[in-house]
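Source file upload22.txt; content: compact mmCIF, C-alpha atoms and all ligand atoms.
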# COMPACT_ATOMS: atom_id res chain seq x y z
CA MET A 202 0.00 0.00 0.00
CA ASP A 203 1.32 3.44 -0.93
CA ASN A 204 1.65 5.24 2.36
CA GLU A 205 3.24 8.46 1.25
CA VAL A 206 -0.11 10.10 1.85
CA HIS A 207 -1.05 9.45 5.48
CA GLN A 208 -4.10 7.27 5.68
CA ALA A 209 -6.67 7.10 8.44
CA PHE A 210 -7.02 4.15 10.81
CA GLU A 211 -10.16 2.81 9.11
CA THR A 212 -8.41 2.74 5.73
CA LEU A 213 -5.21 1.14 7.03
CA ALA A 214 -7.21 -1.52 8.85
CA ILE A 215 -8.70 -2.67 5.56
CA HIS A 216 -5.76 -2.18 3.19
CA ALA A 217 -2.39 -2.18 4.97
CA GLY A 218 -0.34 -5.25 4.01
CA GLN A 219 -3.15 -6.40 1.73
CA GLU A 220 -2.42 -5.57 -1.91
CA PRO A 221 -4.60 -7.70 -4.21
CA ASP A 222 -2.83 -11.04 -4.80
CA PRO A 223 -0.38 -10.52 -7.72
CA ALA A 224 -1.14 -13.94 -9.26
CA THR A 225 -4.95 -13.85 -9.23
CA GLY A 226 -6.10 -10.41 -8.12
CA ALA A 227 -7.83 -11.91 -5.05
CA VAL A 228 -8.76 -8.88 -2.93
CA VAL A 229 -8.22 -10.73 0.34
CA PRO A 230 -4.82 -12.30 1.13
CA PRO A 231 -5.11 -16.07 0.56
CA ILE A 232 -4.56 -18.53 3.41
CA TYR A 233 -1.08 -19.82 2.57
CA GLN A 234 -1.56 -23.17 4.32
CA VAL A 235 1.98 -24.28 3.61
CA SER A 236 5.14 -25.09 5.56
CA THR A 237 7.86 -24.84 2.90
CA TYR A 238 8.58 -23.04 -0.39
CA LYS A 239 10.34 -24.09 -3.63
CA GLN A 240 13.70 -22.40 -3.98
CA ASP A 241 14.86 -21.28 -7.43
CA GLY A 242 18.32 -22.71 -6.89
CA ILE A 243 19.74 -22.87 -3.33
CA GLY A 244 18.88 -19.65 -1.53
CA GLY A 245 16.78 -18.43 -4.48
CA LEU A 246 13.77 -17.43 -2.37
CA ARG A 247 10.63 -15.88 -3.84
CA GLY A 248 9.74 -12.91 -1.67
CA GLY A 249 12.02 -14.13 1.14
CA TYR A 250 9.89 -17.16 2.02
CA GLU A 251 11.69 -20.41 2.92
CA TYR A 252 9.85 -21.99 5.90
CA SER A 253 6.61 -20.87 7.59
CA ARG A 254 7.96 -20.61 11.13
CA SER A 255 10.33 -17.93 9.82
CA ALA A 256 7.73 -16.23 7.60
CA ASN A 257 4.43 -17.00 5.90
CA PRO A 258 2.67 -14.62 3.47
CA THR A 259 -0.68 -14.65 5.32
CA ARG A 260 1.11 -13.89 8.60
CA THR A 261 3.16 -11.20 6.89
CA ALA A 262 -0.04 -9.49 5.73
CA LEU A 263 -1.31 -9.47 9.33
CA GLU A 264 2.02 -8.31 10.74
CA VAL A 265 2.27 -5.39 8.31
CA CYS A 266 -1.33 -4.39 9.07
CA LEU A 267 -0.74 -4.55 12.85
CA ALA A 268 2.35 -2.35 12.56
CA GLU A 269 0.44 0.21 10.48
CA ILE A 270 -2.63 0.44 12.72
CA GLU A 271 -0.49 0.82 15.89
CA GLY A 272 1.91 3.24 14.19
CA GLY A 273 4.96 1.00 14.79
CA ALA A 274 7.98 -0.07 12.75
CA ARG A 275 7.39 -3.81 13.08
CA GLY A 276 4.46 -6.07 13.89
CA LEU A 277 4.78 -9.73 14.90
CA ALA A 278 1.98 -12.28 15.25
CA PHE A 279 2.08 -15.06 17.84
CA ALA A 280 0.07 -18.15 18.75
CA SER A 281 -1.50 -16.39 21.75
CA GLY A 282 -1.25 -13.21 23.80
CA LEU A 283 0.81 -15.03 26.40
CA ALA A 284 3.19 -16.38 23.73
CA ALA A 285 3.74 -12.75 22.68
CA GLU A 286 4.31 -11.70 26.30
CA ASP A 287 6.80 -14.53 26.85
CA ALA A 288 8.73 -13.64 23.69
CA LEU A 289 8.94 -10.00 24.79
CA LEU A 290 10.01 -10.90 28.31
CA ARG A 291 12.77 -13.26 27.18
CA THR A 292 13.97 -10.85 24.49
CA VAL A 293 14.49 -7.83 26.70
CA CYS A 294 15.18 -9.37 30.14
CA ARG A 295 18.01 -11.51 31.50
CA PRO A 296 18.23 -13.24 34.91
CA GLY A 297 18.99 -10.50 37.44
CA ASP A 298 16.82 -7.92 35.67
CA HIS A 299 13.78 -6.34 37.31
CA VAL A 300 10.33 -5.54 35.91
CA ILE A 301 7.54 -3.33 37.25
CA ILE A 302 4.11 -4.81 36.51
CA PRO A 303 0.62 -3.39 37.17
CA GLY A 304 -0.72 -3.91 40.69
CA ASP A 305 -3.85 -5.32 39.04
CA ALA A 306 -2.32 -7.01 35.99
CA TYR A 307 -4.22 -9.60 33.95
CA GLY A 308 -4.04 -12.88 35.91
CA GLY A 309 -2.17 -14.71 33.16
CA THR A 310 0.46 -11.97 33.00
CA TYR A 311 0.92 -12.18 36.76
CA ARG A 312 1.24 -15.98 36.53
CA LEU A 313 3.87 -15.64 33.76
CA PHE A 314 5.96 -13.39 36.00
CA ALA A 315 5.37 -15.28 39.25
CA LYS A 316 5.68 -18.87 38.00
CA VAL A 317 7.93 -18.64 34.92
CA ALA A 318 10.00 -15.45 34.93
CA ALA A 319 10.74 -15.37 38.68
CA PRO A 320 12.12 -18.94 38.86
CA TRP A 321 14.26 -18.03 35.80
CA GLY A 322 15.73 -15.16 37.83
CA VAL A 323 13.78 -12.10 36.67
CA GLU A 324 12.46 -10.16 39.64
CA PHE A 325 9.23 -8.19 39.50
CA ASP A 326 7.13 -5.87 41.62
CA PRO A 327 3.40 -5.28 41.21
CA VAL A 328 2.85 -1.51 41.60
CA PRO A 329 -0.37 0.54 41.30
CA LEU A 330 0.46 2.31 38.03
CA GLY A 331 -2.04 5.10 38.66
CA ASP A 332 0.37 6.29 41.39
CA ILE A 333 3.30 7.84 39.49
CA ALA A 334 5.32 8.43 42.68
CA ALA A 335 4.98 4.74 43.61
CA VAL A 336 6.24 3.72 40.17
CA ARG A 337 9.21 6.07 40.40
CA ALA A 338 10.01 4.69 43.88
CA ALA A 339 9.91 1.10 42.60
CA VAL A 340 12.51 1.72 39.88
CA ARG A 341 15.90 0.09 40.57
CA PRO A 342 19.18 0.14 38.63
CA GLU A 343 18.22 -3.35 37.33
CA THR A 344 14.77 -2.26 36.11
CA ARG A 345 14.68 -3.24 32.44
CA LEU A 346 10.99 -2.97 31.71
CA ILE A 347 7.88 -1.15 32.92
CA TRP A 348 4.87 -3.24 31.96
CA VAL A 349 1.63 -1.30 31.62
CA GLU A 350 -1.93 -2.42 31.16
CA THR A 351 -4.57 0.28 30.65
CA PRO A 352 -7.46 -0.15 31.13
CA THR A 353 -6.72 -3.12 33.38
CA ASN A 354 -8.49 -6.45 33.47
CA PRO A 355 -10.92 -6.67 35.35
CA LEU A 356 -10.78 -3.53 37.52
CA LEU A 357 -10.59 -1.01 34.62
CA GLY A 358 -7.73 0.88 36.24
CA ILE A 359 -6.11 3.59 34.12
CA ALA A 360 -2.39 4.37 33.82
CA ASP A 361 -0.92 7.53 32.26
CA ILE A 362 1.12 6.13 29.35
CA ALA A 363 2.99 9.37 28.52
CA ALA A 364 3.99 9.94 32.17
CA LEU A 365 5.18 6.34 32.56
CA ALA A 366 7.13 6.60 29.28
CA GLY A 367 8.98 9.53 30.85
CA ILE A 368 9.88 7.45 33.93
CA ALA A 369 11.02 4.54 31.77
CA ARG A 370 13.23 6.83 29.68
CA GLU A 371 14.87 8.34 32.78
CA ALA A 372 15.46 4.82 34.15
CA GLY A 373 16.91 3.48 30.89
CA ALA A 374 14.08 0.93 30.83
CA LEU A 375 11.61 0.03 28.10
CA LEU A 376 7.90 0.79 28.34
CA ALA A 377 5.59 -2.04 27.20
CA VAL A 378 1.82 -1.47 27.01
CA ASP A 379 -0.75 -4.27 26.91
CA ASN A 380 -3.31 -2.54 24.69
CA THR A 381 -5.77 -5.45 24.63
CA PHE A 382 -8.66 -3.72 26.42
CA ALA A 383 -8.54 -0.49 24.43
CA SER A 384 -7.57 -1.86 20.98
CA PRO A 385 -5.45 0.26 18.61
CA TYR A 386 -8.59 2.10 17.50
CA LEU A 387 -9.15 3.66 20.94
CA GLN A 388 -5.56 4.06 22.12
CA GLN A 389 -2.16 4.33 20.42
CA PRO A 390 0.55 3.78 23.06
CA LEU A 391 3.49 4.10 20.64
CA HIS A 392 2.41 7.67 19.86
CA LEU A 393 2.44 8.36 23.62
CA GLY A 394 6.05 7.20 24.01
CA ALA A 395 5.76 3.43 24.56
CA ASP A 396 8.47 1.19 23.06
CA VAL A 397 6.32 -1.84 22.41
CA VAL A 398 2.63 -2.74 22.37
CA ILE A 399 1.25 -6.15 23.33
CA HIS A 400 -2.09 -7.56 22.23
CA SER A 401 -4.11 -10.59 22.96
CA THR A 402 -5.58 -10.50 19.43
CA THR A 403 -7.99 -13.14 20.76
CA LYS A 404 -10.01 -10.20 22.10
CA TYR A 405 -11.07 -7.01 20.26
CA VAL A 406 -8.55 -7.24 17.41
CA GLY A 407 -9.88 -10.62 16.26
CA GLY A 408 -13.27 -9.68 17.62
CA HIS A 409 -15.36 -12.77 16.85
CA SER A 410 -14.39 -15.30 19.57
CA ASP A 411 -13.12 -17.67 16.90
CA VAL A 412 -9.33 -17.44 17.20
CA VAL A 413 -6.60 -17.30 19.86
CA GLY A 414 -3.64 -15.09 18.98
CA GLY A 415 -1.19 -12.48 20.18
CA ALA A 416 0.92 -9.66 18.81
CA LEU A 417 3.87 -7.42 19.55
CA ILE A 418 4.32 -4.10 17.79
CA ALA A 419 7.68 -2.37 18.22
CA ALA A 420 8.13 1.38 17.86
CA ASP A 421 11.58 1.10 16.32
CA ALA A 422 13.08 -1.27 13.78
CA ALA A 423 16.02 -2.36 15.96
CA LEU A 424 13.82 -3.69 18.76
CA GLY A 425 11.49 -5.11 16.09
CA GLU A 426 14.42 -7.05 14.62
CA ARG A 427 15.43 -8.52 17.99
CA LEU A 428 11.84 -9.58 18.65
CA ALA A 429 11.52 -11.06 15.15
CA PHE A 430 14.73 -13.06 15.63
CA ASN A 431 13.32 -14.56 18.83
CA GLN A 432 9.87 -15.09 17.34
CA ASN A 433 11.57 -17.46 14.89
CA ALA A 434 14.07 -18.85 17.40
CA MET A 435 11.40 -19.59 20.03
CA GLY A 436 8.74 -20.56 17.50
CA ALA A 437 5.31 -19.65 18.97
CA VAL A 438 4.07 -18.15 15.68
CA ALA A 439 0.49 -17.60 14.53
CA GLY A 440 -0.62 -20.21 11.98
CA PRO A 441 -1.88 -19.08 8.55
CA PHE A 442 -5.59 -19.63 9.21
CA ASP A 443 -5.39 -17.89 12.58
CA ALA A 444 -3.56 -14.99 10.94
CA TRP A 445 -6.24 -14.82 8.24
CA LEU A 446 -9.11 -14.78 10.76
CA THR A 447 -7.39 -12.05 12.75
CA LEU A 448 -6.80 -9.96 9.63
CA ARG A 449 -10.46 -10.36 8.71
CA GLY A 450 -11.45 -9.22 12.20
CA ILE A 451 -9.31 -6.08 11.96
CA LYS A 452 -11.22 -4.84 8.90
CA THR A 453 -14.26 -4.06 11.07
CA LEU A 454 -12.43 -3.05 14.25
CA ALA A 455 -13.35 0.64 14.03
CA VAL A 456 -17.08 0.12 13.50
CA ARG A 457 -17.22 -2.64 16.09
CA MET A 458 -15.46 -0.50 18.71
CA ASP A 459 -17.82 2.43 18.11
CA ARG A 460 -20.75 0.14 18.87
CA HIS A 461 -19.05 -1.58 21.83
CA CYS A 462 -18.47 1.84 23.39
CA ALA A 463 -21.98 3.14 22.73
CA ASN A 464 -23.57 -0.02 24.14
CA ALA A 465 -21.31 0.04 27.21
CA GLU A 466 -22.45 3.61 27.96
CA ARG A 467 -26.10 2.54 27.87
CA ILE A 468 -25.38 -0.37 30.24
CA VAL A 469 -23.40 1.85 32.62
CA GLU A 470 -26.32 4.31 32.81
CA MET A 471 -28.67 1.50 33.81
CA LEU A 472 -26.26 -0.07 36.32
CA GLN A 473 -25.67 3.26 38.04
CA ARG A 474 -29.38 3.70 38.66
CA HIS A 475 -30.01 0.08 39.76
CA PRO A 476 -30.53 -0.38 43.53
CA ALA A 477 -28.93 -3.89 43.60
CA VAL A 478 -25.68 -2.64 42.08
CA GLY A 479 -22.85 -1.15 44.13
CA GLN A 480 -19.86 0.54 42.55
CA VAL A 481 -19.70 0.65 38.73
CA LEU A 482 -16.15 0.55 37.34
CA TYR A 483 -15.95 2.31 33.96
CA PRO A 484 -13.31 4.88 32.94
CA GLY A 485 -15.99 6.94 31.17
CA LEU A 486 -17.56 7.86 34.52
CA PRO A 487 -16.44 11.31 35.71
CA ASP A 488 -15.86 9.97 39.26
CA HIS A 489 -13.53 7.18 38.04
CA PRO A 490 -10.05 8.03 39.42
CA GLY A 491 -8.49 7.61 35.96
CA HIS A 492 -11.20 9.45 34.04
CA ASP A 493 -9.15 12.52 33.07
CA VAL A 494 -6.16 10.47 31.94
CA ALA A 495 -8.43 8.10 30.00
CA ALA A 496 -10.16 11.07 28.34
CA LYS A 497 -6.75 12.41 27.31
CA GLN A 498 -5.26 9.19 25.92
CA MET A 499 -8.28 7.25 24.65
CA LYS A 500 -10.65 8.08 21.80
CA ALA A 501 -13.55 6.59 23.85
CA PHE A 502 -13.83 4.46 26.97
CA GLY A 503 -14.25 0.96 25.61
CA GLY A 504 -16.67 -1.93 25.89
CA MET A 505 -15.58 -3.46 29.20
CA VAL A 506 -17.63 -2.71 32.31
CA SER A 507 -17.20 -4.15 35.82
CA PHE A 508 -19.48 -3.67 38.81
CA ARG A 509 -19.74 -4.80 42.41
CA MET A 510 -22.73 -6.44 44.03
CA GLU A 511 -23.47 -6.54 47.75
CA SER A 512 -22.02 -10.05 48.16
CA GLU A 513 -20.23 -12.83 46.31
CA GLU A 514 -23.49 -14.81 46.18
CA ALA A 515 -25.30 -11.88 44.55
CA ALA A 516 -22.50 -11.51 41.99
CA VAL A 517 -22.57 -15.21 41.13
CA ARG A 518 -26.37 -15.12 40.85
CA VAL A 519 -26.33 -12.32 38.26
CA CYS A 520 -23.70 -14.20 36.22
CA GLU A 521 -25.89 -17.29 36.17
CA ARG A 522 -29.16 -15.52 35.36
CA THR A 523 -28.47 -13.55 32.19
CA LYS A 524 -29.57 -15.10 28.90
CA LEU A 525 -28.16 -12.80 26.22
CA PHE A 526 -24.95 -12.13 28.14
CA THR A 527 -23.28 -15.54 27.88
CA LEU A 528 -21.47 -16.84 30.95
CA GLY A 529 -17.92 -17.30 29.74
CA GLU A 530 -14.30 -16.24 29.92
CA SER A 531 -12.55 -14.06 27.32
CA LEU A 532 -13.84 -10.75 25.97
CA GLY A 533 -13.89 -8.41 23.00
CA GLY A 534 -16.12 -10.47 20.69
CA VAL A 535 -19.30 -9.31 18.97
CA GLU A 536 -21.38 -11.29 21.48
CA SER A 537 -21.86 -10.04 25.05
CA LEU A 538 -20.22 -12.06 27.83
CA ILE A 539 -20.56 -12.00 31.60
CA GLU A 540 -18.25 -13.57 34.17
CA HIS A 541 -17.21 -13.73 37.81
CA PRO A 542 -13.46 -12.84 37.77
CA GLY A 543 -12.80 -14.17 41.28
CA ARG A 544 -13.89 -17.70 40.36
CA MET A 545 -13.12 -17.64 36.63
CA THR A 546 -10.53 -15.51 34.74
CA HIS A 547 -8.67 -14.38 37.85
CA ALA A 548 -8.95 -17.52 39.98
CA SER A 549 -5.17 -17.98 39.50
CA ALA A 550 -4.62 -14.68 41.39
CA ALA A 551 -6.45 -15.95 44.51
CA GLY A 552 -4.31 -15.49 47.62
CA SER A 553 -1.84 -13.25 45.72
CA PRO A 554 -1.55 -9.45 45.99
CA LEU A 555 -3.60 -9.36 42.77
CA GLU A 556 -6.68 -11.12 44.15
CA VAL A 557 -9.88 -9.46 42.89
CA PRO A 558 -12.99 -8.67 44.99
CA ALA A 559 -15.37 -11.63 45.31
CA ASP A 560 -18.43 -9.41 44.69
CA LEU A 561 -17.15 -8.29 41.27
CA VAL A 562 -18.93 -8.99 37.96
CA ARG A 563 -17.25 -8.28 34.61
CA LEU A 564 -19.08 -7.60 31.37
CA SER A 565 -17.74 -7.66 27.85
CA VAL A 566 -20.46 -5.63 26.17
CA GLY A 567 -21.07 -6.88 22.64
CA ILE A 568 -22.58 -5.20 19.61
CA GLU A 569 -26.13 -6.56 19.87
CA ASP A 570 -29.04 -4.15 20.30
CA ALA A 571 -28.42 -2.00 23.40
CA GLY A 572 -32.07 -2.21 24.53
CA ASP A 573 -32.02 -6.01 24.44
CA LEU A 574 -28.79 -6.04 26.48
CA VAL A 575 -30.13 -3.61 29.09
CA ARG A 576 -33.35 -5.63 29.47
CA ASP A 577 -31.40 -8.90 29.86
CA LEU A 578 -29.26 -7.47 32.67
CA GLU A 579 -32.22 -5.81 34.38
CA ARG A 580 -34.04 -9.15 34.42
CA ALA A 581 -30.97 -10.91 35.89
CA LEU A 582 -30.58 -8.20 38.56
CA SER A 583 -34.23 -8.20 39.64
C1 LIG A 601 -6.51 -12.41 27.41
C2 LIG A 601 -5.46 -11.44 27.79
C3 LIG A 601 -4.11 -11.75 27.66
C4 LIG A 601 -3.61 -13.13 27.26
O1 LIG A 601 -3.89 -13.42 25.92
P1 LIG A 601 -4.19 -14.91 25.38
O2 LIG A 601 -4.50 -14.66 23.94
O3 LIG A 601 -5.34 -15.46 26.16
O4 LIG A 601 -2.94 -15.70 25.58
C5 LIG A 601 -3.19 -10.77 27.97
N1 LIG A 601 -3.57 -9.55 28.41
C6 LIG A 601 -4.87 -9.22 28.55
C7 LIG A 601 -5.24 -7.86 29.03
C8 LIG A 601 -5.86 -10.15 28.26
O5 LIG A 601 -7.16 -9.83 28.43
Before anything else, please render the file you have as structure tokens.
Ligand SMILES: *Cc1c(COP(=O)(O)O)cnc(C)c1O
Amino acid sequence: MDNEVHQAFETLAIHAGQEPDPATGAVVPPIYQVSTYKQDGIGGLRGGYEYSRSANPTRTALEVCLAEIEGGARGLAFASGLAAEDALLRTVCRPGDHVIIPGDAYGGTYRLFAKVAAPWGVEFDPVPLGDIAAVRAAVRPETRLIWVETPTNPLLGIADIAALAGIAREAGALLAVDNTFASPYLQQPLHLGADVVIHSTTKYVGGHSDVVGGALIAADAALGERLAFNQNAMGAVAGPFDAWLTLRGIKTLAVRMDRHCANAERIVEMLQRHPAVGQVLYPGLPDHPGHDVAAKQMKAFGGMVSFRMESEEAAVRVCERTKLFTLGESLGGVESLIEHPGRMTHASAAGSPLEVPADLVRLSVGIEDAGDLVRDLERALS
């Protein structure tokens, strides 16, 4: 795609990395379901392809598109979000290094640090990232990486990406942002000073609950090259069909996110008025502690909503009584989901500093009719 003229997000999402196929004119990149490629004499590669762990044309199309929509130099697609996180961690950290992670990080990220990275010799500290002074105080000479999630899963905490990028720069550390909850349509961490963006593309980027995948997008080519070397050396790449599904999901990301956000606002309005509901956690609410930062760094406030009930039993009951909101883990798909983080997605954080409140309910608000969604929740709450 000719990018000399700057193109808008919506255009890049549909066209970046996706020139019509030169052989047939197919307007969508084919699924290159292939492991190896004929060489025209030893080393005579066509387009650089020799073996699909190293590179595959369908994955390349996705990787180019991801880099363009996040505004980075290099995009890399992995078999899952955690595979991407692991590749990043082992590329930039060595035993003896130190990492600052969010005080309410995604449970799987916490488990990766606590059960895999720590035994390997990488130390880490969970720090509330909304507290800039606390982050600055946690920095050590060995701090190699500040790991940000914003909004966080499931408490919807907000961190100031530009401010944290400043701290990372002063410390000689890298700033990594897990942009899964916002998606690149709502938030562009690389433009705010981050060095690398992480995605579970399983969620909003893929958007249809039909594929598990992950991505890293590096701001500069040198870091991108180191990550790409390890992507091949470690091997947890996205397969061609998974890459194709993810690329197909990205085409509608902008319109889906607009609807996710609008529907979430309608649900938040209802929850706030409902007598059975306690605190509603949504960065779009003016009394949310991260509201001003979110308003500054996000285009809108997203489709994830959490709320507290008066007891664990009440929270579990709501989760089991909705019909349209499907009881299930994961998030970011077109269909609405409801879950109890304490017993489901974040059960692995039980007993750790990252344990979540037992009365918490998390919603992934889908793109169905807002009225139908509101009525379903009201019925479950009554
Ligand atoms: C789901 C998720 C991950 C992990 O991604 P997988 O694709 O499940 O491996 C990482 N970060 C966040 C914020 C997530 O929601």
Could you give me, as a Markdown table, every chain A residue with an atom at most 10 Å from ligand LIG 601 (chain A), plus its closest atom pair and distance in Å to one decimal, counting only C-alpha atoms and all ligand atoms, rows ordered by chain then number?
| residue | atom | partner | partner_atom | distance |
| --- | --- | --- | --- | --- |
| A:Phe279 | CA | A:LIG601 | O2 | 9.0 |
| A:Ala280 | CA | A:LIG601 | O2 | 7.7 |
| A:Ser281 | CA | A:LIG601 | O2 | 4.1 |
| A:Gly282 | CA | A:LIG601 | O1 | 3.4 |
| A:Leu283 | CA | A:LIG601 | O4 | 3.9 |
| A:Ala284 | CA | A:LIG601 | O4 | 6.4 |
| A:Ala285 | CA | A:LIG601 | O4 | 7.9 |
| A:Glu286 | CA | A:LIG601 | C5 | 7.7 |
| A:Asp287 | CA | A:LIG601 | O4 | 9.9 |
| A:Ala306 | CA | A:LIG601 | C7 | 7.6 |
| A:Tyr307 | CA | A:LIG601 | C7 | 5.3 |
| A:Gly308 | CA | A:LIG601 | N1 | 8.2 |
| A:Gly309 | CA | A:LIG601 | C4 | 6.3 |
| A:Thr310 | CA | A:LIG601 | C5 | 6.3 |
| A:Tyr311 | CA | A:LIG601 | C5 | 9.8 |
| A:Val349 | CA | A:LIG601 | C7 | 9.8 |
| A:Glu350 | CA | A:LIG601 | C7 | 6.7 |
| A:Thr351 | CA | A:LIG601 | C7 | 8.3 |
| A:Pro352 | CA | A:LIG601 | C7 | 8.3 |
| A:Thr353 | CA | A:LIG601 | C7 | 6.6 |
| A:Asn354 | CA | A:LIG601 | C7 | 5.7 |
| A:Pro355 | CA | A:LIG601 | O5 | 8.5 |
| A:Val378 | CA | A:LIG601 | C7 | 9.7 |
| A:Asp379 | CA | A:LIG601 | C7 | 6.1 |
| A:Asn380 | CA | A:LIG601 | C7 | 7.1 |
| A:Thr381 | CA | A:LIG601 | C7 | 5.0 |
| A:Phe382 | CA | A:LIG601 | C7 | 6.0 |
| A:Ala383 | CA | A:LIG601 | C7 | 9.3 |
| A:Ile399 | CA | A:LIG601 | N1 | 7.8 |
| A:His400 | CA | A:LIG601 | N1 | 6.7 |
| A:Ser401 | CA | A:LIG601 | O1 | 4.1 |
| A:Thr402 | CA | A:LIG601 | O2 | 6.2 |
| A:Thr403 | CA | A:LIG601 | O2 | 5.0 |
| A:Lys404 | CA | A:LIG601 | C1 | 6.7 |
| A:Tyr405 | CA | A:LIG601 | O5 | 9.5 |
| A:Val412 | CA | A:LIG601 | O2 | 8.7 |
| A:Val413 | CA | A:LIG601 | O2 | 5.3 |
| A:Gly414 | CA | A:LIG601 | O2 | 5.1 |
| A:Gly415 | CA | A:LIG601 | O2 | 5.5 |
| A:Ala416 | CA | A:LIG601 | O2 | 9.0 |
| A:Glu530 | CA | A:LIG601 | C1 | 9.0 |
| A:Ser531 | CA | A:LIG601 | C1 | 6.3 |
| A:Leu532 | CA | A:LIG601 | O5 | 7.2 |
| A:Gly533 | CA | A:LIG601 | O5 | 8.8 |
| A:Thr546 | CA | A:LIG601 | C1 | 8.9 |
- prompt: Can you list, as a VMD selection string, every protein, DNA or RNA residue that comes within 6 Å of A:Phe325 when you count all atoms listed in the file, leaving out same-chain residues fewer than 5 positions away?
  reply: chain A and resid 299 to 301
task: Please provide as a list in words all residues within 12 Å of A:Arg247, with the sequence filter that same-chain residues fewer than 6 positions apart are discarded (counting all atoms listed in the file).
output: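 The contact residues come out as Thr237, Tyr238, Lys239, Gln240, Asp241, Ala256, Asn257 and Pro258 of chain A.
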Please write the residues from the selection above to a file, keeping C-alpha atoms, as a compact mmCIF listing (two decimals), in the frame of the given file.
# COMPACT_ATOMS: atom_id res chain seq x y z
CA THR A 237 7.86 -24.84 2.90
CA TYR A 238 8.58 -23.04 -0.39
CA LYS A 239 10.34 -24.09 -3.63
CA GLN A 240 13.70 -22.40 -3.98
CA ASP A 241 14.86 -21.28 -7.43
CA ALA A 256 7.73 -16.23 7.60
CA ASN A 257 4.43 -17.00 5.90
CA PRO A 258 2.67 -14.62 3.47
- prompt: Any idea what's packed within 12 Å of A:Leu289, counting all atoms listed in the file, ignoring anything in its chain fewer than 4 positions away? Could you give it as a ChimeraX atom specification?
  reply: /A:277,279,282-285,293-295,310,313,318,345-346,348,375-379,396-400,415-419,424-432,435,437
Got time to write the residues from that selection, C-alpha atoms, as a short mmCIF file (atom, residue, chain, number, x, y, z; two decimals), keeping the file's coordinate frame?
data_model
loop_
_atom_site.label_atom_id
_atom_site.label_comp_id
_atom_site.auth_asym_id
_atom_site.auth_seq_id
_atom_site.Cartn_x
_atom_site.Cartn_y
_atom_site.Cartn_z
CA LEU A 277 4.78 -9.73 14.90
CA PHE A 279 2.08 -15.06 17.84
CA GLY A 282 -1.25 -13.21 23.80
CA LEU A 283 0.81 -15.03 26.40
CA ALA A 284 3.19 -16.38 23.73
CA ALA A 285 3.74 -12.75 22.68
CA VAL A 293 14.49 -7.83 26.70
CA CYS A 294 15.18 -9.37 30.14
CA ARG A 295 18.01 -11.51 31.50
CA THR A 310 0.46 -11.97 33.00
CA LEU A 313 3.87 -15.64 33.76
CA ALA A 318 10.00 -15.45 34.93
CA ARG A 345 14.68 -3.24 32.44
CA LEU A 346 10.99 -2.97 31.71
CA TRP A 348 4.87 -3.24 31.96
CA LEU A 375 11.61 0.03 28.10
CA LEU A 376 7.90 0.79 28.34
CA ALA A 377 5.59 -2.04 27.20
CA VAL A 378 1.82 -1.47 27.01
CA ASP A 379 -0.75 -4.27 26.91
CA ASP A 396 8.47 1.19 23.06
CA VAL A 397 6.32 -1.84 22.41
CA VAL A 398 2.63 -2.74 22.37
CA ILE A 399 1.25 -6.15 23.33
CA HIS A 400 -2.09 -7.56 22.23
CA GLY A 415 -1.19 -12.48 20.18
CA ALA A 416 0.92 -9.66 18.81
CA LEU A 417 3.87 -7.42 19.55
CA ILE A 418 4.32 -4.10 17.79
CA ALA A 419 7.68 -2.37 18.22
CA LEU A 424 13.82 -3.69 18.76
CA GLY A 425 11.49 -5.11 16.09
CA GLU A 426 14.42 -7.05 14.62
CA ARG A 427 15.43 -8.52 17.99
CA LEU A 428 11.84 -9.58 18.65
CA ALA A 429 11.52 -11.06 15.15
CA PHE A 430 14.73 -13.06 15.63
CA ASN A 431 13.32 -14.56 18.83
CA GLN A 432 9.87 -15.09 17.34
CA MET A 435 11.40 -19.59 20.03
CA ALA A 437 5.31 -19.65 18.97
#
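For the residues A:Ser384, A:Gln498, A:Ser583, A:Thr261, ranking by smallest atom-to-atom distance to A:Ile451 using only C-alpha atoms places A:Ser384 first.
Distances from A:Val562, A:Ala501, A:Ala496, A:Val456 to A:His547 were compared using only C-alpha atoms, and the smallest one belongs to A:Val562.
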query: In terms of the shortest atom-to-atom distance over all atoms listed in the file, which of A:Gly552, A:Lys524, A:Ile302, A:Gly331 is closest to A:Asp493?
result: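 Between A:Gly552, A:Lys524, A:Ile302, A:Gly331, the residue approaching A:Asp493 most closely is A:Gly331.
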message: Let me make sure I understand: among A:Pro441, A:Gly572, A:Gly504, A:Gly322, which one has the smallest atom-to-atom distance to A:Ser236 if we use all atoms listed in the file?
response: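 That would be A:Pro441, the residue with the smallest distance to A:Ser236.
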Proximity of stretch 402-457 of chain A to stretch 216-226 of chain A: per-residue shortest pair, 12 Å limit, all atoms listed in the file, as a Markdown table:
| residue | atom | partner | partner_atom | distance |
| --- | --- | --- | --- | --- |
| A:Trp445 | CA | A:Gln219 | CA | 11.1 |
| A:Leu448 | CA | A:Gln219 | CA | 9.4 |
| A:Arg449 | CA | A:Gln219 | CA | 10.9 |
| A:Ile451 | CA | A:His216 | CA | 10.2 |
| A:Lys452 | CA | A:His216 | CA | 8.3 |
| A:Thr453 | CA | A:His216 | CA | 11.7 |
- request: Could you tell me how far atom CA of A:Met505 lies from atom CA of A:Leu564, in Å and to one decimal?
  value: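 Going from atom CA of A:Met505 over to atom CA of A:Leu564 covers 5.8 Å.
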query: Closest to A:Met545 among A:Pro231, A:Gly529, A:Pro327, A:Pro487, using only C-alpha atoms?
result: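 Of the candidates, the smallest distance to A:Met545 is held by A:Gly529.
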